[in-house]
$ cat start33.cif   # mmCIF, N, CA and C atoms
data_final
#
loop_
_atom_site.label_atom_id
_atom_site.label_comp_id
_atom_site.auth_asym_id
_atom_site.auth_seq_id
_atom_site.Cartn_x
_atom_site.Cartn_y
_atom_site.Cartn_z
N MET M 1 5.35 -6.16 36.12
CA MET M 1 4.29 -7.08 36.44
C MET M 1 3.60 -7.61 35.19
N GLY M 2 3.74 -6.89 34.04
CA GLY M 2 3.12 -7.35 32.82
C GLY M 2 3.69 -6.66 31.60
N ALA M 3 3.44 -7.23 30.45
CA ALA M 3 3.93 -6.66 29.19
C ALA M 3 3.04 -7.13 28.05
N ILE M 4 2.97 -6.30 27.02
CA ILE M 4 2.25 -6.65 25.80
C ILE M 4 3.10 -6.17 24.63
N PHE M 5 3.16 -6.94 23.58
CA PHE M 5 4.01 -6.63 22.44
C PHE M 5 3.20 -6.60 21.15
N TYR M 6 3.46 -5.59 20.34
CA TYR M 6 2.77 -5.43 19.05
C TYR M 6 3.78 -5.45 17.92
N SER M 7 3.35 -5.92 16.77
CA SER M 7 4.15 -5.91 15.54
C SER M 7 3.25 -5.45 14.40
N LYS M 8 3.85 -4.84 13.40
CA LYS M 8 3.09 -4.51 12.19
C LYS M 8 2.79 -5.80 11.44
N ALA M 9 1.61 -5.84 10.85
CA ALA M 9 1.18 -6.99 10.05
C ALA M 9 0.37 -6.43 8.89
N TRP M 10 -0.10 -7.31 7.99
CA TRP M 10 -0.79 -6.83 6.81
C TRP M 10 -1.95 -7.72 6.44
N LEU M 11 -2.95 -7.08 5.84
CA LEU M 11 -4.01 -7.78 5.15
C LEU M 11 -3.72 -7.59 3.67
N ARG M 12 -3.85 -8.66 2.90
CA ARG M 12 -3.62 -8.57 1.45
C ARG M 12 -4.77 -9.21 0.71
N LYS M 13 -5.16 -8.54 -0.37
CA LYS M 13 -6.18 -9.08 -1.27
C LYS M 13 -5.50 -9.73 -2.45
N GLU M 14 -6.24 -10.56 -3.15
CA GLU M 14 -5.71 -11.22 -4.35
C GLU M 14 -5.29 -10.21 -5.41
N THR M 15 -5.89 -9.03 -5.38
CA THR M 15 -5.57 -7.98 -6.35
C THR M 15 -4.22 -7.32 -6.07
N GLY M 16 -3.63 -7.64 -4.89
CA GLY M 16 -2.35 -7.04 -4.52
C GLY M 16 -2.50 -5.87 -3.56
N GLN M 17 -3.74 -5.41 -3.35
CA GLN M 17 -3.96 -4.33 -2.39
C GLN M 17 -3.53 -4.81 -1.01
N GLU M 18 -2.97 -3.89 -0.23
CA GLU M 18 -2.46 -4.24 1.08
C GLU M 18 -2.86 -3.18 2.10
N LYS M 19 -3.13 -3.62 3.31
CA LYS M 19 -3.48 -2.71 4.39
C LYS M 19 -2.64 -3.08 5.62
N GLU M 20 -1.99 -2.09 6.22
CA GLU M 20 -1.20 -2.33 7.42
C GLU M 20 -2.10 -2.34 8.64
N ILE M 21 -1.96 -3.37 9.45
CA ILE M 21 -2.68 -3.50 10.71
C ILE M 21 -1.66 -3.88 11.77
N LEU M 22 -2.13 -4.31 12.92
CA LEU M 22 -1.24 -4.76 13.98
C LEU M 22 -1.53 -6.20 14.37
N LEU M 23 -0.50 -6.86 14.84
CA LEU M 23 -0.57 -8.19 15.44
C LEU M 23 -0.06 -8.00 16.85
N PHE M 24 -0.72 -8.59 17.83
CA PHE M 24 -0.14 -8.51 19.16
C PHE M 24 0.04 -9.88 19.75
N GLY M 25 0.98 -9.94 20.65
CA GLY M 25 1.28 -11.15 21.38
C GLY M 25 2.77 -11.26 21.56
N PRO M 26 3.16 -11.73 22.66
CA PRO M 26 2.30 -12.19 23.74
C PRO M 26 1.86 -11.05 24.66
N LEU M 27 0.84 -11.35 25.40
CA LEU M 27 0.41 -10.53 26.53
C LEU M 27 0.78 -11.36 27.75
N CYS M 28 1.66 -10.83 28.58
CA CYS M 28 2.19 -11.59 29.71
C CYS M 28 1.93 -10.86 31.02
N VAL M 29 1.58 -11.61 32.03
CA VAL M 29 1.41 -11.06 33.37
C VAL M 29 2.12 -12.01 34.34
N ALA M 30 2.92 -11.42 35.22
CA ALA M 30 3.62 -12.22 36.23
C ALA M 30 2.62 -13.04 37.02
N PRO M 31 2.96 -14.29 37.35
CA PRO M 31 2.01 -15.16 38.03
C PRO M 31 1.35 -14.55 39.27
N GLY M 32 2.10 -13.82 40.06
CA GLY M 32 1.54 -13.23 41.26
C GLY M 32 0.51 -12.15 41.00
N TRP M 33 0.47 -11.65 39.77
CA TRP M 33 -0.47 -10.58 39.41
C TRP M 33 -1.60 -11.06 38.51
N GLN M 34 -1.58 -12.31 38.12
CA GLN M 34 -2.63 -12.83 37.26
C GLN M 34 -3.96 -12.85 38.01
N GLY M 35 -5.02 -12.53 37.31
CA GLY M 35 -6.34 -12.50 37.91
C GLY M 35 -6.67 -11.20 38.62
N CYS M 36 -5.76 -10.22 38.55
CA CYS M 36 -5.97 -8.92 39.21
C CYS M 36 -6.39 -7.83 38.22
N GLY M 37 -6.54 -8.17 36.94
CA GLY M 37 -6.95 -7.18 35.95
C GLY M 37 -5.81 -6.51 35.20
N VAL M 38 -4.57 -6.89 35.49
CA VAL M 38 -3.42 -6.26 34.84
C VAL M 38 -3.45 -6.49 33.34
N GLY M 39 -3.71 -7.73 32.91
CA GLY M 39 -3.75 -8.03 31.48
C GLY M 39 -4.82 -7.23 30.76
N GLY M 40 -5.99 -7.14 31.35
CA GLY M 40 -7.08 -6.37 30.75
C GLY M 40 -6.73 -4.90 30.64
N LEU M 41 -6.09 -4.35 31.66
CA LEU M 41 -5.69 -2.95 31.63
C LEU M 41 -4.64 -2.70 30.55
N LEU M 42 -3.65 -3.59 30.46
CA LEU M 42 -2.64 -3.46 29.41
C LEU M 42 -3.29 -3.50 28.03
N LEU M 43 -4.20 -4.42 27.86
CA LEU M 43 -4.87 -4.57 26.58
C LEU M 43 -5.70 -3.33 26.24
N GLU M 44 -6.53 -2.91 27.14
CA GLU M 44 -7.41 -1.76 26.87
C GLU M 44 -6.59 -0.48 26.61
N GLU M 45 -5.55 -0.26 27.39
CA GLU M 45 -4.73 0.94 27.19
C GLU M 45 -4.02 0.91 25.83
N THR M 46 -3.49 -0.24 25.47
CA THR M 46 -2.75 -0.31 24.20
C THR M 46 -3.68 -0.32 22.99
N LEU M 47 -4.90 -0.83 23.14
CA LEU M 47 -5.86 -0.73 22.04
C LEU M 47 -6.15 0.74 21.74
N ALA M 48 -6.32 1.53 22.79
CA ALA M 48 -6.56 2.96 22.62
C ALA M 48 -5.36 3.65 21.98
N LEU M 49 -4.16 3.27 22.39
CA LEU M 49 -2.95 3.86 21.80
C LEU M 49 -2.80 3.49 20.33
N ALA M 50 -3.15 2.24 19.99
CA ALA M 50 -3.07 1.80 18.60
C ALA M 50 -4.06 2.58 17.73
N LYS M 51 -5.26 2.78 18.25
CA LYS M 51 -6.26 3.56 17.51
C LYS M 51 -5.77 5.00 17.33
N GLU M 52 -5.24 5.57 18.39
CA GLU M 52 -4.71 6.94 18.34
C GLU M 52 -3.58 7.06 17.33
N ALA M 53 -2.81 5.99 17.16
CA ALA M 53 -1.70 5.98 16.20
C ALA M 53 -2.18 5.79 14.76
N GLY M 54 -3.49 5.56 14.57
CA GLY M 54 -4.05 5.46 13.23
C GLY M 54 -4.29 4.05 12.72
N TYR M 55 -4.05 3.04 13.55
CA TYR M 55 -4.33 1.67 13.12
C TYR M 55 -5.83 1.41 13.22
N GLU M 56 -6.34 0.65 12.25
CA GLU M 56 -7.78 0.41 12.19
C GLU M 56 -8.18 -0.96 12.69
N GLY M 57 -7.22 -1.87 12.82
CA GLY M 57 -7.55 -3.22 13.26
C GLY M 57 -6.35 -3.95 13.80
N ILE M 58 -6.65 -4.96 14.62
CA ILE M 58 -5.62 -5.78 15.24
C ILE M 58 -6.04 -7.24 15.11
N VAL M 59 -5.08 -8.10 14.83
CA VAL M 59 -5.30 -9.54 14.75
C VAL M 59 -4.42 -10.20 15.79
N ILE M 60 -4.92 -11.28 16.38
CA ILE M 60 -4.14 -12.05 17.35
C ILE M 60 -4.34 -13.54 17.10
N PHE M 61 -3.43 -14.30 17.65
CA PHE M 61 -3.58 -15.75 17.80
C PHE M 61 -3.61 -15.93 19.31
N GLY M 62 -4.80 -16.04 19.87
CA GLY M 62 -4.91 -15.99 21.32
C GLY M 62 -5.93 -16.94 21.89
N GLU M 63 -6.07 -16.87 23.19
CA GLU M 63 -6.95 -17.75 23.95
C GLU M 63 -8.42 -17.43 23.66
N PRO M 64 -9.14 -18.36 23.01
CA PRO M 64 -10.54 -18.11 22.64
C PRO M 64 -11.48 -17.87 23.81
N ASP M 65 -11.09 -18.28 25.01
CA ASP M 65 -11.95 -18.07 26.17
C ASP M 65 -11.68 -16.74 26.86
N TYR M 66 -10.62 -16.03 26.48
CA TYR M 66 -10.26 -14.77 27.14
C TYR M 66 -10.56 -13.54 26.30
N TYR M 67 -10.07 -13.52 25.08
CA TYR M 67 -10.11 -12.29 24.28
C TYR M 67 -11.50 -11.84 23.81
N PRO M 68 -12.46 -12.71 23.59
CA PRO M 68 -13.80 -12.20 23.25
C PRO M 68 -14.39 -11.29 24.33
N GLY M 69 -14.00 -11.48 25.56
CA GLY M 69 -14.45 -10.61 26.63
C GLY M 69 -13.91 -9.19 26.52
N HIS M 70 -12.95 -9.00 25.62
CA HIS M 70 -12.36 -7.68 25.37
C HIS M 70 -12.71 -7.17 23.98
N GLY M 71 -13.71 -7.81 23.35
CA GLY M 71 -14.20 -7.33 22.07
C GLY M 71 -13.66 -8.04 20.84
N PHE M 72 -12.76 -9.00 21.02
CA PHE M 72 -12.22 -9.73 19.87
C PHE M 72 -13.22 -10.76 19.38
N ARG M 73 -13.22 -10.96 18.06
CA ARG M 73 -14.09 -11.96 17.42
C ARG M 73 -13.23 -12.77 16.46
N THR M 74 -13.68 -13.97 16.14
CA THR M 74 -12.94 -14.77 15.18
C THR M 74 -12.88 -14.03 13.85
N CYS M 75 -11.78 -14.17 13.16
CA CYS M 75 -11.53 -13.39 11.95
C CYS M 75 -12.50 -13.68 10.81
N ASP M 76 -13.17 -14.81 10.85
CA ASP M 76 -14.16 -15.07 9.80
C ASP M 76 -15.28 -14.04 9.83
N HIS M 77 -15.53 -13.41 10.97
CA HIS M 77 -16.53 -12.34 11.07
C HIS M 77 -16.14 -11.11 10.25
N PHE M 78 -14.85 -10.98 9.95
CA PHE M 78 -14.34 -9.80 9.23
C PHE M 78 -13.97 -10.12 7.79
N GLY M 79 -14.18 -11.37 7.36
CA GLY M 79 -13.77 -11.76 6.01
C GLY M 79 -12.27 -11.88 5.87
N VAL M 80 -11.59 -12.19 6.98
CA VAL M 80 -10.14 -12.32 7.00
C VAL M 80 -9.78 -13.79 7.25
N THR M 81 -8.82 -14.29 6.49
CA THR M 81 -8.31 -15.65 6.68
C THR M 81 -6.81 -15.59 6.92
N THR M 82 -6.25 -16.72 7.31
CA THR M 82 -4.79 -16.83 7.38
C THR M 82 -4.27 -16.80 5.94
N ALA M 83 -2.97 -16.71 5.79
CA ALA M 83 -2.38 -16.66 4.45
C ALA M 83 -2.74 -17.90 3.63
N ASP M 84 -2.95 -19.03 4.30
CA ASP M 84 -3.32 -20.24 3.58
C ASP M 84 -4.83 -20.49 3.57
N GLY M 85 -5.63 -19.44 3.85
CA GLY M 85 -7.07 -19.51 3.70
C GLY M 85 -7.84 -20.15 4.83
N LYS M 86 -7.24 -20.25 6.00
CA LYS M 86 -7.91 -20.92 7.12
C LYS M 86 -8.47 -19.94 8.14
N ASN M 87 -9.34 -20.46 8.97
CA ASN M 87 -9.88 -19.76 10.13
C ASN M 87 -10.02 -20.78 11.25
N PHE M 88 -9.85 -20.34 12.48
CA PHE M 88 -10.00 -21.20 13.64
C PHE M 88 -10.25 -20.31 14.86
N ASP M 89 -10.66 -20.91 15.95
CA ASP M 89 -11.10 -20.14 17.12
C ASP M 89 -10.05 -19.18 17.68
N ALA M 90 -8.79 -19.55 17.65
CA ALA M 90 -7.74 -18.71 18.24
C ALA M 90 -7.32 -17.56 17.32
N PHE M 91 -7.76 -17.56 16.07
CA PHE M 91 -7.42 -16.51 15.10
C PHE M 91 -8.52 -15.45 15.18
N MET M 92 -8.20 -14.37 15.91
CA MET M 92 -9.21 -13.36 16.23
C MET M 92 -8.74 -11.96 15.85
N GLY M 93 -9.70 -11.07 15.77
CA GLY M 93 -9.38 -9.68 15.46
C GLY M 93 -10.33 -8.73 16.17
N ILE M 94 -9.96 -7.46 16.13
CA ILE M 94 -10.82 -6.41 16.67
C ILE M 94 -10.68 -5.19 15.76
N GLU M 95 -11.80 -4.57 15.46
CA GLU M 95 -11.78 -3.35 14.67
C GLU M 95 -11.66 -2.16 15.61
N LEU M 96 -10.68 -1.32 15.37
CA LEU M 96 -10.50 -0.12 16.17
C LEU M 96 -11.36 1.02 15.64
N VAL M 97 -11.75 0.91 14.37
CA VAL M 97 -12.72 1.80 13.76
C VAL M 97 -13.68 0.90 12.97
N GLU M 98 -14.90 1.33 12.80
CA GLU M 98 -15.88 0.53 12.08
C GLU M 98 -15.36 0.23 10.67
N GLY M 99 -15.39 -1.04 10.29
CA GLY M 99 -14.91 -1.46 8.98
C GLY M 99 -13.39 -1.58 8.89
N GLY M 100 -12.71 -1.43 10.01
CA GLY M 100 -11.25 -1.47 10.00
C GLY M 100 -10.66 -2.77 9.50
N LEU M 101 -11.36 -3.86 9.70
CA LEU M 101 -10.95 -5.16 9.14
C LEU M 101 -11.96 -5.61 8.10
N SER M 102 -13.25 -5.56 8.44
CA SER M 102 -14.30 -6.07 7.56
C SER M 102 -14.42 -5.26 6.27
N GLY M 103 -14.04 -4.00 6.32
CA GLY M 103 -14.11 -3.16 5.13
C GLY M 103 -13.02 -3.47 4.12
N PHE M 104 -12.08 -4.32 4.51
CA PHE M 104 -10.97 -4.68 3.63
C PHE M 104 -10.94 -6.19 3.39
N GLY M 105 -11.04 -6.98 4.46
CA GLY M 105 -10.99 -8.43 4.32
C GLY M 105 -9.61 -8.90 3.90
N GLY M 106 -9.56 -10.00 3.19
CA GLY M 106 -8.30 -10.50 2.66
C GLY M 106 -7.62 -11.52 3.54
N SER M 107 -6.35 -11.74 3.24
CA SER M 107 -5.54 -12.72 3.96
C SER M 107 -4.58 -12.00 4.89
N PHE M 108 -4.36 -12.60 6.05
CA PHE M 108 -3.49 -12.02 7.06
C PHE M 108 -2.05 -12.48 6.86
N TYR M 109 -1.13 -11.53 6.96
CA TYR M 109 0.30 -11.83 6.86
C TYR M 109 1.04 -11.20 8.03
N ALA M 110 1.71 -12.04 8.80
CA ALA M 110 2.54 -11.57 9.91
C ALA M 110 3.91 -11.18 9.34
N PRO M 111 4.72 -10.48 10.13
CA PRO M 111 6.08 -10.18 9.68
C PRO M 111 6.81 -11.47 9.28
N GLU M 112 7.60 -11.39 8.25
CA GLU M 112 8.27 -12.56 7.69
C GLU M 112 9.07 -13.34 8.74
N VAL M 113 9.68 -12.63 9.67
CA VAL M 113 10.49 -13.32 10.67
C VAL M 113 9.66 -14.28 11.50
N PHE M 114 8.36 -14.01 11.67
CA PHE M 114 7.50 -14.92 12.42
C PHE M 114 7.16 -16.17 11.62
N GLU M 115 7.15 -16.04 10.33
CA GLU M 115 6.72 -17.14 9.47
C GLU M 115 7.85 -18.06 9.04
N ASP M 116 9.01 -17.50 8.80
CA ASP M 116 10.06 -18.26 8.14
C ASP M 116 11.33 -18.44 8.97
N LEU M 117 11.23 -18.36 10.28
CA LEU M 117 12.41 -18.53 11.11
C LEU M 117 12.72 -20.01 11.25
N PRO M 118 13.82 -20.46 10.64
CA PRO M 118 14.17 -21.88 10.75
C PRO M 118 14.41 -22.27 12.21
N GLU M 119 14.02 -23.47 12.57
CA GLU M 119 14.16 -23.95 13.94
C GLU M 119 15.61 -23.87 14.41
N GLU M 120 16.56 -24.13 13.50
CA GLU M 120 17.98 -24.08 13.89
C GLU M 120 18.38 -22.67 14.32
N GLU M 121 17.90 -21.65 13.59
CA GLU M 121 18.22 -20.27 13.94
C GLU M 121 17.59 -19.89 15.27
N ASN M 122 16.36 -20.33 15.48
CA ASN M 122 15.69 -20.07 16.75
C ASN M 122 16.47 -20.70 17.90
N GLU M 123 16.88 -21.94 17.74
CA GLU M 123 17.63 -22.62 18.80
C GLU M 123 18.98 -21.95 19.04
N ALA M 124 19.68 -21.53 17.97
CA ALA M 124 20.97 -20.85 18.13
C ALA M 124 20.80 -19.55 18.91
N TYR M 125 19.74 -18.80 18.60
CA TYR M 125 19.48 -17.55 19.31
C TYR M 125 19.15 -17.83 20.78
N THR M 126 18.33 -18.83 21.01
CA THR M 126 17.91 -19.18 22.36
C THR M 126 19.10 -19.59 23.23
N GLN M 127 20.11 -20.19 22.63
CA GLN M 127 21.28 -20.63 23.38
C GLN M 127 22.04 -19.48 24.02
N ARG M 128 21.80 -18.26 23.58
CA ARG M 128 22.48 -17.08 24.13
C ARG M 128 21.95 -16.72 25.51
N PHE M 129 20.85 -17.33 25.94
CA PHE M 129 20.21 -17.00 27.21
C PHE M 129 20.25 -18.20 28.14
N ASP M 130 20.10 -17.93 29.42
CA ASP M 130 19.91 -19.02 30.38
C ASP M 130 18.50 -19.56 30.12
N ALA M 131 18.45 -20.69 29.46
CA ALA M 131 17.16 -21.21 29.01
C ALA M 131 16.40 -21.87 30.15
N PRO M 132 15.12 -21.54 30.28
CA PRO M 132 14.28 -22.25 31.25
C PRO M 132 13.99 -23.66 30.72
N VAL M 133 13.50 -24.48 31.56
CA VAL M 133 13.12 -25.83 31.15
C VAL M 133 11.94 -25.70 30.19
N LYS M 134 12.04 -26.34 29.02
CA LYS M 134 10.94 -26.31 28.06
C LYS M 134 9.84 -27.24 28.55
N ARG M 135 8.62 -26.70 28.56
CA ARG M 135 7.46 -27.48 28.98
C ARG M 135 6.37 -27.32 27.95
N LYS M 136 5.57 -28.33 27.80
CA LYS M 136 4.41 -28.27 26.90
C LYS M 136 3.17 -28.38 27.76
N PHE M 137 2.25 -27.39 27.59
CA PHE M 137 1.04 -27.37 28.36
C PHE M 137 -0.10 -27.96 27.55
N PRO M 138 -1.12 -28.52 28.21
CA PRO M 138 -2.21 -29.18 27.50
C PRO M 138 -2.93 -28.32 26.46
N ASP M 139 -3.05 -27.01 26.70
CA ASP M 139 -3.79 -26.18 25.75
C ASP M 139 -2.87 -25.42 24.80
N GLN M 140 -1.60 -25.78 24.77
CA GLN M 140 -0.64 -25.10 23.89
C GLN M 140 -0.80 -25.60 22.46
N TRP M 141 -0.70 -24.66 21.51
CA TRP M 141 -0.81 -25.03 20.11
C TRP M 141 0.50 -25.58 19.61
N ASP M 142 0.44 -26.43 18.62
CA ASP M 142 1.68 -26.95 17.99
C ASP M 142 2.31 -25.91 17.15
#

$ encode --input "start33.cif" --output "structure tokens"
Amino acid sequence: MGAIFYSKAWLRKETGQEKEILLFGPLCVAPGWQGCGVGGLLLEETLALAKEAGYEGIVIFGEPDYYPGHGFRTCDHFGVTTADGKNFDAFMGIELVEGGLSGFGGSFYAPEVFEDLPEEENEAYTQRFDAPVKRKFPDQWD
């Protein structure tokens, strides 16, 4: 009925210091179960598991109208920017321990495969599956 996926990510300072954190997404809930609290339960349970595993913070690129209700704040509150120095409403984080993000700050780096996957490689991989019809929704990011 639902799934949530996490990846290791990093905060880096100009000095070269690095801190491992988590990136999550997507959080998916089957249409028939949306609005029943499944997504919130998945999120809350996995936040606790991430903290138990020793991670101090999580960053997401997510829906600005949903995630603040679960404690996420825009990353500028933590002194964290994207790798190219930007901040925007969908770039959010949560500290699993006090100072878990704000105590380090820096620039956020996702796993390289998320950043540098050429469109041709993505399309070649996608061809291995029965592809659904591609649709673009009004609130989808480019």

$ closest_residue --input "start33.cif" --among "M:Val133, M:Leu11, M:Val38, M:Phe61" --to "M:Phe104" --atoms "all atoms listed in the file"
M:Leu11

$ residues_around --input "start33.cif" --residues "stretch 108-121 of chain M" --least-positions-apart "2" --cutoff "6 Å" --atoms "all atoms listed in the file" --output "list in words"
Lys8, Ala9, Trp10, Leu11, Arg12, Val80, Thr81, Thr82, Ala83, Gly106, Glu123, Ala124, Tyr125 and Thr126 of chain M

$ residues_around --input "start33.cif" --residues "stretch 74-77 of chain M" --least-positions-apart "3" --cutoff "8 Å" --atoms "only C-alpha atoms" --output "mmCIF file with N, CA and C atoms, in the coordinates of the input"
data_model
loop_
_atom_site.group_PDB
_atom_site.id
_atom_site.type_symbol
_atom_site.label_atom_id
_atom_site.label_comp_id
_atom_site.auth_asym_id
_atom_site.auth_seq_id
_atom_site.Cartn_x
_atom_site.Cartn_y
_atom_site.Cartn_z
ATOM 1 N N VAL M 59 -5.080 -8.100 14.830
ATOM 2 C CA VAL M 59 -5.300 -9.540 14.750
ATOM 3 C C VAL M 59 -4.420 -10.200 15.790
ATOM 4 N N VAL M 80 -11.590 -12.190 6.980
ATOM 5 C CA VAL M 80 -10.140 -12.320 7.000
ATOM 6 C C VAL M 80 -9.780 -13.790 7.250
ATOM 7 N N THR M 81 -8.820 -14.290 6.490
ATOM 8 C CA THR M 81 -8.310 -15.650 6.680
ATOM 9 C C THR M 81 -6.810 -15.590 6.920
ATOM 10 N N ASN M 87 -9.340 -20.460 8.970
ATOM 11 C CA ASN M 87 -9.880 -19.760 10.130
ATOM 12 C C ASN M 87 -10.020 -20.780 11.250
ATOM 13 N N PHE M 88 -9.850 -20.340 12.480
ATOM 14 C CA PHE M 88 -10.000 -21.200 13.640
ATOM 15 C C PHE M 88 -10.250 -20.310 14.860
ATOM 16 N N ASP M 89 -10.660 -20.910 15.950
ATOM 17 C CA ASP M 89 -11.100 -20.140 17.120
ATOM 18 C C ASP M 89 -10.050 -19.180 17.680
ATOM 19 N N ALA M 90 -8.790 -19.550 17.650
ATOM 20 C CA ALA M 90 -7.740 -18.710 18.240
ATOM 21 C C ALA M 90 -7.320 -17.560 17.320
ATOM 22 N N PHE M 91 -7.760 -17.560 16.070
ATOM 23 C CA PHE M 91 -7.420 -16.510 15.100
ATOM 24 C C PHE M 91 -8.520 -15.450 15.180
ATOM 25 N N MET M 92 -8.200 -14.370 15.910
ATOM 26 C CA MET M 92 -9.210 -13.360 16.230
ATOM 27 C C MET M 92 -8.740 -11.960 15.850
ATOM 28 N N GLY M 93 -9.700 -11.070 15.770
ATOM 29 C CA GLY M 93 -9.380 -9.680 15.460
ATOM 30 C C GLY M 93 -10.330 -8.730 16.170
ATOM 31 N N SER M 102 -13.250 -5.560 8.440
ATOM 32 C CA SER M 102 -14.300 -6.070 7.560
ATOM 33 C C SER M 102 -14.420 -5.260 6.270
#

$ select_by_dssp --input "start33.cif" --residues "stretch 14-76 of chain M" --states "strand (DSSP E or B)" --output "mmCIF file with N, CA and C atoms, in the frame of the given file"
data_model
loop_
_atom_site.group_PDB
_atom_site.id
_atom_site.type_symbol
_atom_site.label_atom_id
_atom_site.label_comp_id
_atom_site.auth_asym_id
_atom_site.auth_seq_id
_atom_site.Cartn_x
_atom_site.Cartn_y
_atom_site.Cartn_z
ATOM 1 N N GLU M 18 -2.970 -3.890 -0.230
ATOM 2 C CA GLU M 18 -2.460 -4.240 1.080
ATOM 3 C C GLU M 18 -2.860 -3.180 2.100
ATOM 4 N N LYS M 19 -3.130 -3.620 3.310
ATOM 5 C CA LYS M 19 -3.480 -2.710 4.390
ATOM 6 C C LYS M 19 -2.640 -3.080 5.620
ATOM 7 N N GLU M 20 -1.990 -2.090 6.220
ATOM 8 C CA GLU M 20 -1.200 -2.330 7.420
ATOM 9 C C GLU M 20 -2.100 -2.340 8.640
ATOM 10 N N ILE M 21 -1.960 -3.370 9.450
ATOM 11 C CA ILE M 21 -2.680 -3.500 10.710
ATOM 12 C C ILE M 21 -1.660 -3.880 11.770
ATOM 13 N N LEU M 22 -2.130 -4.310 12.920
ATOM 14 C CA LEU M 22 -1.240 -4.760 13.980
ATOM 15 C C LEU M 22 -1.530 -6.200 14.370
ATOM 16 N N LEU M 23 -0.500 -6.860 14.840
ATOM 17 C CA LEU M 23 -0.570 -8.190 15.440
ATOM 18 C C LEU M 23 -0.060 -8.000 16.850
ATOM 19 N N PHE M 24 -0.720 -8.590 17.830
ATOM 20 C CA PHE M 24 -0.140 -8.510 19.160
ATOM 21 C C PHE M 24 0.040 -9.880 19.750
ATOM 22 N N GLY M 25 0.980 -9.940 20.650
ATOM 23 C CA GLY M 25 1.280 -11.150 21.380
ATOM 24 C C GLY M 25 2.770 -11.260 21.560
ATOM 25 N N PRO M 26 3.160 -11.730 22.660
ATOM 26 C CA PRO M 26 2.300 -12.190 23.740
ATOM 27 C C PRO M 26 1.860 -11.050 24.660
ATOM 28 N N LEU M 27 0.840 -11.350 25.400
ATOM 29 C CA LEU M 27 0.410 -10.530 26.530
ATOM 30 C C LEU M 27 0.780 -11.360 27.750
ATOM 31 N N CYS M 28 1.660 -10.830 28.580
ATOM 32 C CA CYS M 28 2.190 -11.590 29.710
ATOM 33 C C CYS M 28 1.930 -10.860 31.020
ATOM 34 N N VAL M 29 1.580 -11.610 32.030
ATOM 35 C CA VAL M 29 1.410 -11.060 33.370
ATOM 36 C C VAL M 29 2.120 -12.010 34.340
ATOM 37 N N GLY M 57 -7.220 -1.870 12.820
ATOM 38 C CA GLY M 57 -7.550 -3.220 13.260
ATOM 39 C C GLY M 57 -6.350 -3.950 13.800
ATOM 40 N N ILE M 58 -6.650 -4.960 14.620
ATOM 41 C CA ILE M 58 -5.620 -5.780 15.240
ATOM 42 C C ILE M 58 -6.040 -7.240 15.110
ATOM 43 N N VAL M 59 -5.080 -8.100 14.830
ATOM 44 C CA VAL M 59 -5.300 -9.540 14.750
ATOM 45 C C VAL M 59 -4.420 -10.200 15.790
ATOM 46 N N ILE M 60 -4.920 -11.280 16.380
ATOM 47 C CA ILE M 60 -4.140 -12.050 17.350
ATOM 48 C C ILE M 60 -4.340 -13.540 17.100
ATOM 49 N N PHE M 61 -3.430 -14.300 17.650
ATOM 50 C CA PHE M 61 -3.580 -15.750 17.800
ATOM 51 C C PHE M 61 -3.610 -15.930 19.310
ATOM 52 N N ARG M 73 -13.220 -10.960 18.060
ATOM 53 C CA ARG M 73 -14.090 -11.960 17.420
ATOM 54 C C ARG M 73 -13.230 -12.770 16.460
ATOM 55 N N THR M 74 -13.680 -13.970 16.140
ATOM 56 C CA THR M 74 -12.940 -14.770 15.180
ATOM 57 C C THR M 74 -12.880 -14.030 13.850
#

$ residues_around --input "start33.cif" --residues "stretch 40-47 of chain M" --least-positions-apart "3" --cutoff "9 Å" --atoms "only C-alpha atoms" --output "PyMOL selection string"
chain M and resi 2-4+27+36-37+50-52+58+70+96

$ select_by_dssp --input "start33.cif" --residues "stretch 8-123 of chain M" --states "alpha helix (DSSP H)" --output "PyMOL selection string"
chain M and resi 38-52+112-115+119-123

$ atom_distance --input "start33.cif" --atom1 "atom CA of M:Val97" --atom2 "atom CA of M:Gly62"
20.8 Å

$ atom_distance --input "start33.cif" --atom1 "atom CA of M:Val29" --atom2 "atom C of M:Tyr6"
16.6 Å

$ closest_residue --input "start33.cif" --among "M:Glu95, M:Ser7, M:Lys13, M:Met1" --to "M:Phe72" --atoms "all atoms listed in the file"
M:Glu95

$ atom_distance --input "start33.cif" --atom1 "atom N of M:Pro26" --atom2 "atom CA of M:Gly99"
24.9 Å

$ axis_aligned_box --input "start33.cif" --around "stretch 88-97 of chain M" --padding-each-side "3 Å" --output "lines of an AutoDock Vina configuration file"
center_x = -10.5
center_y = -9.7
center_z = 15.4
size_x = 12.4
size_y = 29.0
size_z = 11.8
